[in-house]
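Participant: My structure is stored as start_19.pdb, with PDB, C-alpha atoms.
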```
ATOM      1  CA  ASN A  17      11.151   7.532  -9.280
ATOM      2  CA  ALA A  18      11.486   4.789  -6.661
ATOM      3  CA  GLY A  19       8.084   5.332  -4.999
ATOM      4  CA  VAL A  20       7.836   3.246  -1.812
ATOM      5  CA  THR A  21      10.906   1.199  -0.916
ATOM      6  CA  GLN A  22      10.859  -1.594   1.645
ATOM      7  CA  THR A  23      13.848  -3.387   3.096
ATOM      8  CA  PRO A  24      14.560  -6.211   3.418
ATOM      9  CA  LYS A  25      12.577  -8.193   0.825
ATOM     10  CA  PHE A  26      12.965 -11.491   2.694
ATOM     11  CA  GLN A  27      13.877 -12.375   6.255
ATOM     12  CA  VAL A  28      13.891 -15.463   8.426
ATOM     13  CA  LEU A  29      13.884 -15.045  12.187
ATOM     14  CA  LYS A  30      13.845 -17.336  15.172
ATOM     15  CA  THR A  31      11.119 -17.039  17.767
ATOM     16  CA  GLY A  32      11.997 -14.306  20.246
ATOM     17  CA  GLN A  33      14.320 -12.368  17.967
ATOM     18  CA  SER A  34      13.679  -8.728  17.216
ATOM     19  CA  MET A  35      13.676  -6.985  13.886
ATOM     20  CA  THR A  36      12.837  -3.678  12.238
ATOM     21  CA  LEU A  37      11.299  -3.439   8.789
ATOM     22  CA  GLN A  38      12.192  -0.263   6.976
ATOM     23  CA  CYS A  39      10.021   1.782   4.646
ATOM     24  CA  ALA A  40      10.829   4.976   2.781
ATOM     25  CA  GLN A  41       8.880   6.976   0.215
ATOM     26  CA  ASP A  42      10.144   9.689  -2.064
ATOM     27  CA  MET A  43       6.785  11.127  -3.162
ATOM     28  CA  ASN A  44       6.498  13.715  -0.376
ATOM     29  CA  HIS A  45       3.453  11.888   1.006
ATOM     30  CA  ASN A  46       2.114  12.772   4.415
ATOM     31  CA  SER A  47       0.391   9.492   5.321
ATOM     32  CA  MET A  48       2.056   6.102   5.658
ATOM     33  CA  TYR A  49       0.753   2.648   6.547
ATOM     34  CA  TRP A  50       1.881  -0.837   7.518
ATOM     35  CA  TYR A  51      -0.160  -3.900   6.538
ATOM     36  CA  ARG A  52       0.233  -7.615   6.841
ATOM     37  CA  GLN A  53      -1.092 -10.004   4.222
ATOM     38  CA  ASP A  54      -2.035 -13.547   5.131
ATOM     39  CA  PRO A  55      -3.644 -16.181   2.883
ATOM     40  CA  GLY A  56      -7.420 -15.838   2.804
ATOM     41  CA  MET A  57      -7.397 -12.714   4.956
ATOM     42  CA  GLY A  58      -6.510  -9.910   2.591
ATOM     43  CA  LEU A  59      -4.537  -6.961   3.903
ATOM     44  CA  ARG A  60      -4.941  -5.980   7.517
ATOM     45  CA  LEU A  61      -3.784  -2.638   8.851
ATOM     46  CA  ILE A  62      -1.219  -2.825  11.634
ATOM     47  CA  TYR A  63      -0.376   0.840  12.234
ATOM     48  CA  TYR A  64      -0.580   4.049  10.309
ATOM     49  CA  SER A  65       0.815   7.553  10.459
ATOM     50  CA  ALA A  66      -1.510  10.251   9.204
ATOM     51  CA  SER A  67       1.283  12.798   9.214
ATOM     52  CA  GLU A  68       4.831  13.228  10.460
ATOM     53  CA  GLY A  69       4.892  13.001  14.236
ATOM     54  CA  THR A  70       1.708  10.955  14.618
ATOM     55  CA  THR A  71       1.024   7.230  14.706
ATOM     56  CA  ASP A  72      -2.154   5.267  15.350
ATOM     57  CA  LYS A  73      -3.131   1.657  15.806
ATOM     58  CA  GLY A  74      -4.901  -0.209  13.077
ATOM     59  CA  GLU A  75      -6.767  -3.491  13.153
ATOM     60  CA  VAL A  76      -3.937  -5.788  14.336
ATOM     61  CA  PRO A  77      -1.324  -3.784  16.299
ATOM     62  CA  ASN A  78      -0.444  -6.317  19.010
ATOM     63  CA  GLY A  79       3.188  -7.414  18.931
ATOM     64  CA  TYR A  80       4.316  -4.463  16.813
ATOM     65  CA  ASN A  81       5.656  -0.962  17.289
ATOM     66  CA  VAL A  82       6.220   1.780  14.743
ATOM     67  CA  SER A  83       8.283   4.915  14.366
ATOM     68  CA  ARG A  84       7.670   7.768  11.966
ATOM     69  CA  LEU A  85      11.284   8.829  11.797
ATOM     70  CA  ASN A  86      10.644  11.749   9.458
ATOM     71  CA  LYS A  87       8.309  12.518   6.605
ATOM     72  CA  ARG A  88       9.958   9.937   4.339
ATOM     73  CA  GLU A  89      10.455   6.989   6.688
ATOM     74  CA  PHE A  90       8.105   4.765   8.650
ATOM     75  CA  SER A  91       9.535   1.679  10.347
ATOM     76  CA  LEU A  92       7.833  -1.368  11.849
ATOM     77  CA  ARG A  93       9.431  -3.214  14.748
ATOM     78  CA  LEU A  94       8.844  -6.706  16.067
ATOM     79  CA  GLU A  95      10.278  -6.765  19.585
ATOM     80  CA  SER A  96       9.924 -10.507  20.186
ATOM     81  CA  ALA A  97       8.960 -12.341  17.015
ATOM     82  CA  ALA A  98       6.361 -15.112  17.187
ATOM     83  CA  PRO A  99       5.438 -17.731  14.550
ATOM     84  CA  SER A 100       2.008 -16.057  14.236
ATOM     85  CA  GLN A 101       3.792 -13.036  12.779
ATOM     86  CA  THR A 102       4.929 -15.014   9.742
ATOM     87  CA  SER A 103       3.423 -13.007   6.919
ATOM     88  CA  VAL A 104       4.054 -10.682   4.020
ATOM     89  CA  TYR A 105       4.319  -7.086   5.182
ATOM     90  CA  PHE A 106       3.453  -4.126   2.989
ATOM     91  CA  CYS A 107       4.198  -0.484   3.506
ATOM     92  CA  ALA A 108       2.060   2.097   1.726
ATOM     93  CA  SER A 109       1.783   5.840   1.495
ATOM     94  CA  ARG A 110      -0.608   8.413   0.142
ATOM     95  CA  PRO A 111      -0.485  12.167  -0.278
ATOM     96  CA  GLY A 112      -2.623  13.236   2.633
ATOM     97  CA  HIS A 113      -5.647  12.909   4.788
ATOM     98  CA  TYR A 114      -8.120  12.741   1.910
ATOM     99  CA  SER A 115     -10.026   9.567   1.379
ATOM    100  CA  ASN A 116     -10.207   9.843  -2.406
ATOM    101  CA  GLN A 117      -6.479   9.394  -2.746
ATOM    102  CA  PRO A 118      -5.244   5.840  -3.364
ATOM    103  CA  GLN A 119      -2.361   4.293  -1.535
ATOM    104  CA  HIS A 120       0.950   3.546  -3.214
ATOM    105  CA  PHE A 121       2.508   0.284  -2.093
ATOM    106  CA  GLY A 122       6.006  -1.061  -1.684
ATOM    107  CA  ASP A 123       6.932  -4.503  -2.999
ATOM    108  CA  GLY A 124       6.494  -6.202   0.355
ATOM    109  CA  THR A 125       8.691  -8.060   2.844
ATOM    110  CA  ARG A 126       8.249 -11.803   3.259
ATOM    111  CA  LEU A 127       8.959 -12.603   6.899
ATOM    112  CA  SER A 128       9.178 -16.128   8.297
ATOM    113  CA  ILE A 129       9.394 -16.826  12.025
ATOM    114  CA  LEU A 130      10.671 -20.273  12.955
TER     115      LEU A 130
ATOM    116  CA  ALA B  17     -16.705  -0.829  11.932
ATOM    117  CA  GLN B  18     -16.462  -0.940   8.189
ATOM    118  CA  THR B  19     -16.193  -4.326   6.500
ATOM    119  CA  VAL B  20     -15.514  -5.281   2.915
ATOM    120  CA  THR B  21     -16.657  -8.639   1.575
ATOM    121  CA  GLN B  22     -15.506 -10.405  -1.561
ATOM    122  CA  SER B  23     -17.533 -13.579  -1.816
ATOM    123  CA  GLN B  24     -15.688 -15.137  -4.759
ATOM    124  CA  PRO B  25     -12.315 -16.547  -3.630
ATOM    125  CA  GLU B  26     -11.466 -17.772  -7.142
ATOM    126  CA  MET B  27     -12.713 -17.082 -10.644
ATOM    127  CA  SER B  28     -11.616 -17.899 -14.159
ATOM    128  CA  VAL B  29     -12.414 -16.432 -17.554
ATOM    129  CA  GLN B  30     -11.523 -17.225 -21.127
ATOM    130  CA  GLU B  31      -9.219 -14.807 -22.853
ATOM    131  CA  ALA B  32     -11.141 -12.011 -24.626
ATOM    132  CA  GLU B  33     -14.285 -12.668 -22.559
ATOM    133  CA  THR B  34     -15.821 -10.473 -19.880
ATOM    134  CA  VAL B  35     -15.780 -11.191 -16.153
ATOM    135  CA  THR B  36     -17.320  -9.449 -13.146
ATOM    136  CA  LEU B  37     -15.850  -9.539  -9.650
ATOM    137  CA  SER B  38     -18.168  -8.816  -6.737
ATOM    138  CA  CYS B  39     -17.625  -6.643  -3.690
ATOM    139  CA  THR B  40     -19.979  -5.530  -0.955
ATOM    140  CA  TYR B  41     -19.239  -3.290   1.991
ATOM    141  CA  ASP B  42     -20.841  -2.204   5.190
ATOM    142  CA  THR B  43     -20.777   1.390   6.382
ATOM    143  CA  SER B  44     -22.924   3.960   8.094
ATOM    144  CA  GLU B  45     -21.125   6.865   6.446
ATOM    145  CA  SER B  46     -22.446   8.796   3.475
ATOM    146  CA  ASN B  47     -19.122  10.016   2.121
ATOM    147  CA  TYR B  48     -16.462   7.466   1.254
ATOM    148  CA  TYR B  49     -14.350   6.103  -1.572
ATOM    149  CA  LEU B  50     -13.949   2.690  -3.090
ATOM    150  CA  PHE B  51     -11.009   1.165  -4.889
ATOM    151  CA  TRP B  52     -10.010  -1.949  -6.770
ATOM    152  CA  TYR B  53      -6.396  -3.061  -6.534
ATOM    153  CA  LYS B  54      -4.674  -5.760  -8.582
ATOM    154  CA  GLN B  55      -1.908  -7.943  -7.189
ATOM    155  CA  PRO B  56      -0.148 -10.020  -9.861
ATOM    156  CA  PRO B  57       2.257 -12.850  -8.972
ATOM    157  CA  SER B  58       4.987 -10.241  -8.638
ATOM    158  CA  ARG B  59       3.178  -9.248  -5.417
ATOM    159  CA  GLN B  60       2.979  -5.571  -6.361
ATOM    160  CA  MET B  61      -0.257  -3.789  -5.425
ATOM    161  CA  ILE B  62      -1.517  -1.805  -8.410
ATOM    162  CA  LEU B  63      -4.477   0.566  -8.390
ATOM    163  CA  VAL B  64      -7.007  -0.432 -11.037
ATOM    164  CA  ILE B  65      -9.900   1.979 -10.527
ATOM    165  CA  ARG B  66     -11.567   4.166  -7.900
ATOM    166  CA  GLN B  67     -15.062   5.508  -7.273
ATOM    167  CA  GLU B  68     -16.298   8.396  -5.182
ATOM    168  CA  ALA B  69     -19.509   7.567  -3.319
ATOM    169  CA  TYR B  70     -21.072  10.943  -4.069
ATOM    170  CA  LYS B  71     -20.766  10.372  -7.816
ATOM    171  CA  GLN B  72     -23.600   8.486  -9.473
ATOM    172  CA  GLN B  73     -21.642   7.861 -12.654
ATOM    173  CA  ASN B  74     -19.716   4.621 -12.664
ATOM    174  CA  ALA B  75     -15.951   4.941 -13.060
ATOM    175  CA  THR B  76     -14.249   3.548 -16.163
ATOM    176  CA  GLU B  77     -10.587   2.976 -16.963
ATOM    177  CA  ASN B  78     -10.064   1.451 -20.407
ATOM    178  CA  ARG B  79     -11.189  -2.206 -20.151
ATOM    179  CA  PHE B  80     -12.066  -1.858 -16.461
ATOM    180  CA  SER B  81     -15.356  -0.472 -15.223
ATOM    181  CA  VAL B  82     -17.371  -0.615 -12.039
ATOM    182  CA  ASN B  83     -21.019  -1.072 -11.197
ATOM    183  CA  PHE B  84     -21.540   1.036  -8.092
ATOM    184  CA  GLN B  85     -24.856   0.516  -6.321
ATOM    185  CA  LYS B  86     -24.782   2.808  -3.287
ATOM    186  CA  ALA B  87     -28.080   1.737  -1.780
ATOM    187  CA  ALA B  88     -27.113  -1.919  -2.041
ATOM    188  CA  LYS B  89     -23.547  -1.145  -0.885
ATOM    189  CA  SER B  90     -22.189  -3.023  -3.845
ATOM    190  CA  PHE B  91     -19.107  -2.229  -5.920
ATOM    191  CA  SER B  92     -18.368  -4.793  -8.631
ATOM    192  CA  LEU B  93     -15.509  -4.713 -11.125
ATOM    193  CA  LYS B  94     -16.052  -5.634 -14.758
ATOM    194  CA  ILE B  95     -13.083  -6.580 -16.903
ATOM    195  CA  SER B  96     -13.806  -6.592 -20.621
ATOM    196  CA  ASP B  97     -11.728  -8.323 -23.300
ATOM    197  CA  SER B  98      -9.764 -10.209 -20.641
ATOM    198  CA  GLN B  99      -6.058 -10.584 -21.269
ATOM    199  CA  LEU B 100      -3.524 -13.033 -19.900
ATOM    200  CA  GLY B 101      -1.889 -10.183 -18.014
ATOM    201  CA  ASP B 102      -5.102  -9.704 -16.039
ATOM    202  CA  THR B 103      -4.361 -12.900 -14.124
ATOM    203  CA  ALA B 104      -3.928 -11.690 -10.550
ATOM    204  CA  MET B 105      -5.490 -11.360  -7.145
ATOM    205  CA  TYR B 106      -7.988  -8.496  -7.031
ATOM    206  CA  PHE B 107      -8.776  -6.607  -3.831
ATOM    207  CA  CYS B 108     -11.687  -4.325  -3.189
ATOM    208  CA  ALA B 109     -10.961  -1.527  -0.687
ATOM    209  CA  TYR B 110     -12.948   1.090   1.188
ATOM    210  CA  SER B 111     -11.672   4.406   2.508
ATOM    211  CA  ASN B 112     -13.675   6.553   4.898
ATOM    212  CA  THR B 113     -13.306  10.174   5.933
ATOM    213  CA  GLY B 114     -10.746   9.087   8.475
ATOM    214  CA  ASN B 115      -7.397   7.830   7.369
ATOM    215  CA  GLN B 116      -7.883   4.092   7.192
ATOM    216  CA  PHE B 117      -8.324   1.663   4.374
ATOM    217  CA  TYR B 118     -10.291  -1.552   4.666
ATOM    218  CA  PHE B 119      -9.553  -4.380   2.253
ATOM    219  CA  GLY B 120     -11.557  -7.406   1.246
ATOM    220  CA  THR B 121     -10.050 -10.882   1.296
ATOM    221  CA  GLY B 122      -9.452 -10.882  -2.444
ATOM    222  CA  THR B 123     -10.547 -12.759  -5.555
ATOM    223  CA  SER B 124      -7.993 -14.794  -7.464
ATOM    224  CA  LEU B 125      -8.671 -14.366 -11.187
ATOM    225  CA  THR B 126      -7.177 -16.681 -13.804
ATOM    226  CA  VAL B 127      -7.419 -15.825 -17.487
ATOM    227  CA  ILE B 128      -7.390 -18.991 -19.579
ATOM    228  CA  PRO B 129      -5.774 -18.877 -23.030
TER     229      PRO B 129
END
```
If you convert what's in this file into structure tokens, what do you get?

Facilitator:
Amino acid sequence: NAGVTQTPKFQVLKTGQSMTLQCAQDMNHNSMYWYRQDPGMGLRLIYYSASEGTTDKGEVPNGYNVSRLNKREFSLRLESAAPSQTSVYFCASRPGHYSNQPQHFGDGTRLSIL
Amino acid sequence: AQTVTQSQPEMSVQEAETVTLSCTYDTSESNYYLFWYKQPPSRQMILVIRQEAYKQQNATENRFSVNFQKAAKSFSLKISDSQLGDTAMYFCAYSNTGNQFYFGTGTSLTVIP
């Protein structure tokens, strides 16, 4: 059981380049999330999708776009990468819109913007 | 807005001893859920324990237990009989009746042999 799969695991970009981070889950979860993790700041929510067909902004959405392609896949796009977007990005999912259910995380993508 | 505060950036504990990690949160809601996640050097996020706010009984999972003080908005994690494999970053998280999670900034725990 793969759980939540993120690709790629590492990426280096130049300022201004665009990129899409991919996330897929095989647990039939309805809700999916994108976070960024920076030293001393914990995990901050970028965007989330409560269910297929819906997306909402989180705490730090500027500079990002998302697509809930289907129930399994939730991608994060950087249209014009900036050095401030250097971070580790995590995708997560959980079964549904119930707050007692924990999130299941992917292994993260380390992204460096030069 | 909900906030989660972990006031201990780093902690250490001798192997086999007990350690408590602190977490406080701010909310105006009455129904919510709290979680502790562990992030070892492998970077994986692993659920350690969770607590429902409407339950007075503190959650326990083997060597991990919580001290949930609803009135004080406090949710500390106690690790008993610490093991080397417990070395990790620990994150406290809050989930409300919406669909968002709020994480603290983390506590880096080192277990010393």

Participant: Name the residues that the ChimeraX specification (/A :<6) & /B pulls out of this structure, and write them as a VMD selection string.

Facilitator: chain B and resid 49 60 to 61 111 to 113 115 119 to 122

Participant: With distances taken over only C-alpha atoms, which residue among A:Arg88, A:Arg126, A:Lys73, A:Lys25 lies nearest Met43 in chain A?

Facilitator: A:Arg88

Participant: For Glu89 in chain A, work out the shell of residues within 8 Å, counting only C-alpha atoms and skipping chain neighbours fewer than 5 positions away, then give it as a list in words.

Facilitator: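 These residues fall inside the cut-off: Gln38, Cys39, Ala40, Gln41 and Arg84 of chain A.
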
Participant: Keeping only C-alpha atoms, take the residues you just selected and write them out as an mmCIF file, keeping the file's coordinate frame.

Facilitator:
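Listed below is the output, out_6.cif:
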```
data_model
loop_
_atom_site.group_PDB
_atom_site.id
_atom_site.type_symbol
_atom_site.label_atom_id
_atom_site.label_comp_id
_atom_site.auth_asym_id
_atom_site.auth_seq_id
_atom_site.Cartn_x
_atom_site.Cartn_y
_atom_site.Cartn_z
ATOM 1 C CA GLN A 38 12.192 -0.263 6.976
ATOM 2 C CA CYS A 39 10.021 1.782 4.646
ATOM 3 C CA ALA A 40 10.829 4.976 2.781
ATOM 4 C CA GLN A 41 8.880 6.976 0.215
ATOM 5 C CA ARG A 84 7.670 7.768 11.966
#
```

Participant: With distances taken over all atoms listed in the file, which residue among A:Ile62, A:Ser100, A:Val76, A:Asn81 lies nearest Met35 in chain A?

Facilitator: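 So, comparing all the options, the nearest one is A:Asn81.
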
Participant: Take CA of Asn86 in chain A and CA of Gln116 in chain B and report the distance between them in Å, one decimal.

Facilitator: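 So the two atoms, CA of Asn86 in chain A and CA of Gln116 in chain B, lie 20.2 Å apart.
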
Participant: Please list, as a list in words, the residues that have an atom at most 6 Å away from (-8.3, 0.3, -9.3) in the coordinates of this file, counting all atoms listed in the file.

Facilitator: Phe51, Trp52, Tyr53, Leu63, Val64, Ile65 and Arg66 of chain B

Participant: Okay, now the selection with C-alpha atoms, as an mmCIF file, in the frame of the given file?

Facilitator:
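Result file is out32.cif:
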```cif
data_model
loop_
_atom_site.group_PDB
_atom_site.id
_atom_site.type_symbol
_atom_site.label_atom_id
_atom_site.label_comp_id
_atom_site.auth_asym_id
_atom_site.auth_seq_id
_atom_site.Cartn_x
_atom_site.Cartn_y
_atom_site.Cartn_z
ATOM 1 C CA PHE B 51 -11.009 1.165 -4.889
ATOM 2 C CA TRP B 52 -10.010 -1.949 -6.770
ATOM 3 C CA TYR B 53 -6.396 -3.061 -6.534
ATOM 4 C CA LEU B 63 -4.477 0.566 -8.390
ATOM 5 C CA VAL B 64 -7.007 -0.432 -11.037
ATOM 6 C CA ILE B 65 -9.900 1.979 -10.527
ATOM 7 C CA ARG B 66 -11.567 4.166 -7.900
#
```

Participant: Might you pull out every residue within 10 Å of Glu95 in chain A, with only C-alpha atoms counted and same-chain residues fewer than 3 positions away left off, and present them as number ranges by chain?

Facilitator: A: 32-36, 79-81, 92, 98

Participant: For the provided coordinates, the residues matched by the PyMOL selection byres ((chain B and resi 71-86) around 10) should be stated as number ranges by chain.

Facilitator: B: 34, 36-41, 46, 49-52, 64-70, 87-99

Participant: What is the distance, in Å and to one decimal place, between CA of Ala109 in chain B and CA of Ser28 in chain B?

Facilitator: 21.2 Å

Participant: Could you tell me which of B:Val35, B:Val20, B:Val29, B:Ile62 comes closest to Leu100 in chain B if we count all atoms listed in the file?

Facilitator: B:Val29

Participant: Around the point (8.9, -13.3, 10.1), in the coordinates given by the file, pick out the residues reaching within 6 Å, counting all atoms listed in the file, and return them as a PyMOL selection string.

Facilitator: chain A and resi 28-29+101-102+127-129

Participant: What's the 8 Å shell around Lys87 in chain A, counting all atoms listed in the file, without same-chain residues fewer than 6 positions away, as number ranges by chain?

Facilitator: A: 44-46, 67-68

Participant: Work out how far apart CA of Phe26 in chain A and CA of Ser103 in chain A are and give it in Å to one decimal.

Facilitator: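 Taking CA of Phe26 in chain A and CA of Ser103 in chain A, their separation equals 10.5 Å.
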
Participant: Please determine, counting only C-alpha atoms, which residue among B:Ser44, B:Gln30, B:Gln55, B:Thr19 has the shortest atom-to-atom distance to Thr123 in chain B.

Facilitator: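 Closest to Thr123 in chain B, using only C-alpha atoms: B:Gln55.
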